[in-house]
Amino acid sequence: MSIIEEIAAKVEDWKGKDISIHQLSGGLTNTNYKVTVDGKPYFVRVPGESTDLLAIDRNNEYHNTQAAANAGVAPKVLNYFPQHNVMILEFLDGKTMSKDSLNEPEMPSRMAHAIKRLHAGERFLTDFNMFRLTEYYLRLCSERGFKIPADYPERMPTVNEIEKAMSVKPLATVPCNNDLLAENYIDDGKQLWLIDYEYSGNNDPTFELGNTCQEMQFNDEQIKEVCAAYFGEATPQLIARMKLNMIMSDVGWGLWAAIQASISTIEFDFWGWALERWGRAVEKMDSAEFSIWMKDVTQ
C-alpha cells in the first residue's frame with residue numbers, strides 16, 4: 001500500500017465512502033494529490049525523499065500554514081499526520097498561476113495586496129534568513145560532495161557585504177512565505193491565494209517581494225508597481241532592498257537547485273536551474289547598478 005493509500009484509509013470521515021486518488025503534476029519538492037471523496041475534492045501533500053536536507057521543518061510548515069489560513073490567504077488544514085508529515089488541505093477551486101499569467105497588467109499589484117494580507121497576519125513559528133540558509137546549503141554541499149556552480153565560495157564576501165548594507169536600516173520582520181514562485185499563487189477570480197509554506201518564517205518583507213519579483217522576472221516598472229502597492233511608495237531605498245534580495249533569491253535557491261540535482265527523484269532539470277539562477281546573481285553583482293543599490297539601501 002502506498003503512503004497516499006495508507007493516509008486515505010486513516011481518515012475517519014472518509015471510511016466507507018467512494019474515494020478516487022489522482023496525482024497532480026508540478027511540485028519541485030513533494031508529490032501532490034487530488035483525493036475526491038464522495039464527489040468532494042481534497043488536496044494531499046506527501047513530502048519528497050530527503051527533503052530534510054533542504055532545511056524544511058515540517059512542524060513549522062504545519063503551524064504556519066494554519067496561521068496563513070487564519071489570515072485568509074491559504075487553504076485550511078483539515079488533517080495532519082505528523083508521523084508521515086502529510087497534510088490534507090481544502091481544495092482551492094481556482095487557476096494555478098504561471099509566469100505569463102502573473103506578468104499580465106495589474107497582476108503585480110494584486111500579488112502585492114495578497115502578500116500584504118499574509119504579512120499582516122499572526123507571526124509564524126520560526127524565523128527565515130536567506131543569508132543563514134545559504135551558509136547551511138554551502139556547508140551541506142561541501143560535506144556531501146554535491147556539485148555546485150563555479151565560484152560560489154569566491155562570491156561569498158560580496159554576499160556578506162549585501163547583508164551588512166541591508167543591516168544598516170533593517171525593516172521589522174513579518175510572517176513570510178519566502179517561496180512565492182508562480183505556481184504558489186492560485187487565482188479563484190476574486191483573490192490570489194498563497195500556498196506552500198515549506199520555507200515560511202518571519203522575515204524582511206522586501207525579501208518576499210524581491211524573491212517573487214525575481215521568480216516572475218519582472219522588469220523595473222513591475223518591480224516599482226509591487227513596491228508601491230505594498231508600501232504605498234517606491235523609494236530608492238525600498239527598491240534597492242528588493243533588488244538586493246532578488247540577488248539573494250538566486251544565490252540561495254541556486255544552491256537549493258544544486259542540492260536537488262543530487263538528491264531529488266523528481267523529473268526536472270535542477271542543475272540547469274542552478275546554473276541559470278547563479279548566472280543571474282553574478283550578472284547583477286557585476287552590474288553598474290549594484291554599487292547604487294548598496295548605497296541606496298543604507299540611506
# chains A, B, ... in the order shown; residues from 1 in each chain; ligands from 1
>>> closest_atom_pairs(of="stretch 91-122 of chain A", to="stretch 195-204 of chain A", cutoff="12 Å", atoms="only C-alpha atoms", output="Markdown table")
| residue | atom | partner | partner_atom | distance |
| --- | --- | --- | --- | --- |
| A:Phe91 | CA | A:Ile195 | CA | 11.1 |
| A:Leu92 | CA | A:Ile195 | CA | 9.9 |
| A:Thr96 | CA | A:Ile195 | CA | 10.2 |
| A:Met97 | CA | A:Ile195 | CA | 11.3 |
| A:Ala114 | CA | A:Ile195 | CA | 11.4 |
| A:Ile115 | CA | A:Ile195 | CA | 11.3 |
| A:Leu118 | CA | A:Ile195 | CA | 10.9 |
| A:His119 | CA | A:Asn202 | CA | 8.9 |
| A:Ala120 | CA | A:Asn202 | CA | 11.4 |
| A:Gly121 | CA | A:Asn202 | CA | 11.0 |
| A:Glu122 | CA | A:Asn202 | CA | 10.0 |
>>> write_last_selection(atoms="C-alpha atoms", output="compact mmCIF listing (two decimals), in the first residue's frame")
# COMPACT_ATOMS: atom_id res chain seq x y z
CA PHE A 91 -9.02 22.04 -2.30
CA LEU A 92 -8.93 25.52 -3.82
CA THR A 96 -2.75 27.73 -10.75
CA MET A 97 -0.80 30.73 -11.96
CA ALA A 114 -2.20 39.29 -1.27
CA ILE A 115 1.31 39.34 0.21
CA LEU A 118 -0.32 37.47 4.68
CA HIS A 119 2.24 39.76 6.32
CA ALA A 120 -0.48 41.39 8.45
CA GLY A 121 -1.40 38.03 9.99
CA GLU A 122 -0.17 36.32 13.13
>>> residues_around(residues="A:Val159", least_positions_apart="6", cutoff="10 Å", atoms="only C-alpha atoms", output="number ranges by chain")
A: 131, 134, 153, 165, 244, 247-248, 251, 285
>>> atom_distance(atom1="atom CA of A:Lys99", atom2="atom CA of A:Asn184")
10.8 Å
>>> atom_distance(atom1="atom CA of A:Pro170", atom2="atom CA of A:Trp278")
25.5 Å
>>> closest_residue(among="A:Leu192, A:Glu154, A:Leu140, A:Asn129", to="A:Ser249", atoms="only C-alpha atoms")
A:Asn129
>>> select_by_dssp(residues="stretch 70-288 of chain A", states="alpha helix (DSSP H)", output="ChimeraX atom specification")
/A:70,99-102,107-119,130-144,152-166,205-216,220-231,236-263,270-285
>>> residues_around(residues="A:Asp296", least_positions_apart="2", cutoff="12 Å", atoms="only C-alpha atoms", output="MDAnalysis selection string")
chainID A and resid 162 165:166 168:169 235:244 289:294 298:299
>>> select_by_dssp(residues="stretch 93-213 of chain A", states="strand (DSSP E or B)", output="ChimeraX atom specification")
/A:95-96,127,174-176,185-187,192-194,201-203
>>> residues_around(residues="A:Tyr185", least_positions_apart="3", cutoff="6 Å", atoms="only C-alpha atoms", output="PyMOL selection string")
chain A and resi 97+182+193-194
>>> write_last_selection(atoms="N, CA and C atoms", output="tab-separated table (two decimals), in the first residue's frame")
chain	number	residue	atom	x	y	z
A	97	MET	N	-1.37	29.67	-11.14
A	97	MET	CA	-0.80	30.73	-11.96
A	97	MET	C	0.54	30.31	-12.58
A	182	ALA	N	5.64	31.28	-9.26
A	182	ALA	CA	4.34	31.48	-9.91
A	182	ALA	C	3.30	30.45	-9.50
A	193	TRP	N	-4.67	33.34	-3.82
A	193	TRP	CA	-4.32	32.54	-2.66
A	193	TRP	C	-2.84	32.21	-2.72
A	194	LEU	N	-2.19	32.12	-1.57
A	194	LEU	CA	-0.77	31.82	-1.48
A	194	LEU	C	-0.60	30.46	-0.82
>>> residues_around(residues="A:Asn64", least_positions_apart="2", cutoff="7 Å", atoms="only C-alpha atoms", output="list of chain:residue names")
A:Asn60, A:Glu61, A:Tyr62, A:Gln66, A:Ala67, A:Ala68, A:Phe124, A:Leu125, A:Tyr197, A:Ser200
>>> write_last_selection(atoms="N, CA, C and O atoms", output="PDB file, in the first residue's frame")
ATOM      1  N   ASN A  60       7.057  23.365  11.522  1.00  0.00           N
ATOM      2  CA  ASN A  60       6.986  24.793  11.212  1.00  0.00           C
ATOM      3  C   ASN A  60       6.025  25.034  10.050  1.00  0.00           C
ATOM      4  O   ASN A  60       5.184  25.942  10.079  1.00  0.00           O
ATOM      5  N   GLU A  61       6.118  24.196   9.018  1.00  0.00           N
ATOM      6  CA  GLU A  61       5.244  24.323   7.851  1.00  0.00           C
ATOM      7  C   GLU A  61       3.776  24.162   8.257  1.00  0.00           C
ATOM      8  O   GLU A  61       2.911  24.939   7.821  1.00  0.00           O
ATOM      9  N   TYR A  62       3.497  23.157   9.080  1.00  0.00           N
ATOM     10  CA  TYR A  62       2.124  22.896   9.521  1.00  0.00           C
ATOM     11  C   TYR A  62       1.572  24.086  10.311  1.00  0.00           C
ATOM     12  O   TYR A  62       0.465  24.583  10.040  1.00  0.00           O
ATOM     13  N   GLN A  66      -1.423  26.896   8.960  1.00  0.00           N
ATOM     14  CA  GLN A  66      -2.619  27.223   9.733  1.00  0.00           C
ATOM     15  C   GLN A  66      -2.722  28.731   9.959  1.00  0.00           C
ATOM     16  O   GLN A  66      -3.812  29.314   9.844  1.00  0.00           O
ATOM     17  N   ALA A  67      -1.601  29.369  10.291  1.00  0.00           N
ATOM     18  CA  ALA A  67      -1.603  30.814  10.528  1.00  0.00           C
ATOM     19  C   ALA A  67      -1.966  31.574   9.255  1.00  0.00           C
ATOM     20  O   ALA A  67      -2.730  32.551   9.301  1.00  0.00           O
ATOM     21  N   ALA A  68      -1.438  31.125   8.119  1.00  0.00           N
ATOM     22  CA  ALA A  68      -1.748  31.772   6.845  1.00  0.00           C
ATOM     23  C   ALA A  68      -3.211  31.580   6.471  1.00  0.00           C
ATOM     24  O   ALA A  68      -3.851  32.470   5.903  1.00  0.00           O
ATOM     25  N   PHE A 124       4.726  33.847  12.513  1.00  0.00           N
ATOM     26  CA  PHE A 124       4.988  32.438  12.281  1.00  0.00           C
ATOM     27  C   PHE A 124       5.825  31.848  13.411  1.00  0.00           C
ATOM     28  O   PHE A 124       6.316  32.565  14.287  1.00  0.00           O
ATOM     29  N   LEU A 125       5.997  30.538  13.355  1.00  0.00           N
ATOM     30  CA  LEU A 125       6.654  29.817  14.443  1.00  0.00           C
ATOM     31  C   LEU A 125       8.140  30.153  14.543  1.00  0.00           C
ATOM     32  O   LEU A 125       8.672  30.378  15.628  1.00  0.00           O
ATOM     33  N   TYR A 197       4.000  26.400   2.290  1.00  0.00           N
ATOM     34  CA  TYR A 197       4.695  27.131   3.357  1.00  0.00           C
ATOM     35  C   TYR A 197       5.904  26.370   3.907  1.00  0.00           C
ATOM     36  O   TYR A 197       6.246  26.480   5.084  1.00  0.00           O
ATOM     37  N   SER A 200       8.445  28.942   4.980  1.00  0.00           N
ATOM     38  CA  SER A 200       7.863  30.113   5.627  1.00  0.00           C
ATOM     39  C   SER A 200       8.549  30.423   6.948  1.00  0.00           C
ATOM     40  O   SER A 200       9.088  29.548   7.624  1.00  0.00           O
TER      41      SER A 200
END
>>> residues_around(residues="A:Pro41", least_positions_apart="6", cutoff="8 Å", atoms="only C-alpha atoms", output="list in words")
Lys34, Val35, Glu90 and Phe91 of chain A
>>> write_last_selection(atoms="N, CA and C atoms", output="CSV table (one decimal), in the first residue's frame")
chain,number,residue,atom,x,y,z
A,34,LYS,N,-4.9,15.0,-5.7
A,34,LYS,CA,-6.3,15.4,-5.5
A,34,LYS,C,-7.0,14.2,-5.1
A,35,VAL,N,-7.6,14.1,-3.9
A,35,VAL,CA,-8.3,13.0,-3.5
A,35,VAL,C,-9.8,13.4,-3.4
A,90,GLU,N,-7.9,21.9,2.3
A,90,GLU,CA,-9.1,22.1,1.5
A,90,GLU,C,-8.6,22.4,0.1
A,91,PHE,N,-9.4,21.9,-0.9
A,91,PHE,CA,-9.0,22.0,-2.3
A,91,PHE,C,-9.5,23.4,-2.8
>>> atom_distance(atom1="atom CA of A:Tyr230", atom2="atom CA of A:Leu209")
8.7 Å
>>> residues_around(residues="A:Arg144", least_positions_apart="3", cutoff="12 Å", atoms="only C-alpha atoms", output="count of residues only")
12
>>> closest_residue(among="A:Thr126, A:Asn79, A:Thr206, A:Ser264", to="A:Asp13", atoms="only C-alpha atoms")
A:Asn79
>>> closest_residue(among="A:Asn70, A:Thr65, A:Gln23, A:Thr265", to="A:Tyr42", atoms="only C-alpha atoms")
A:Gln23
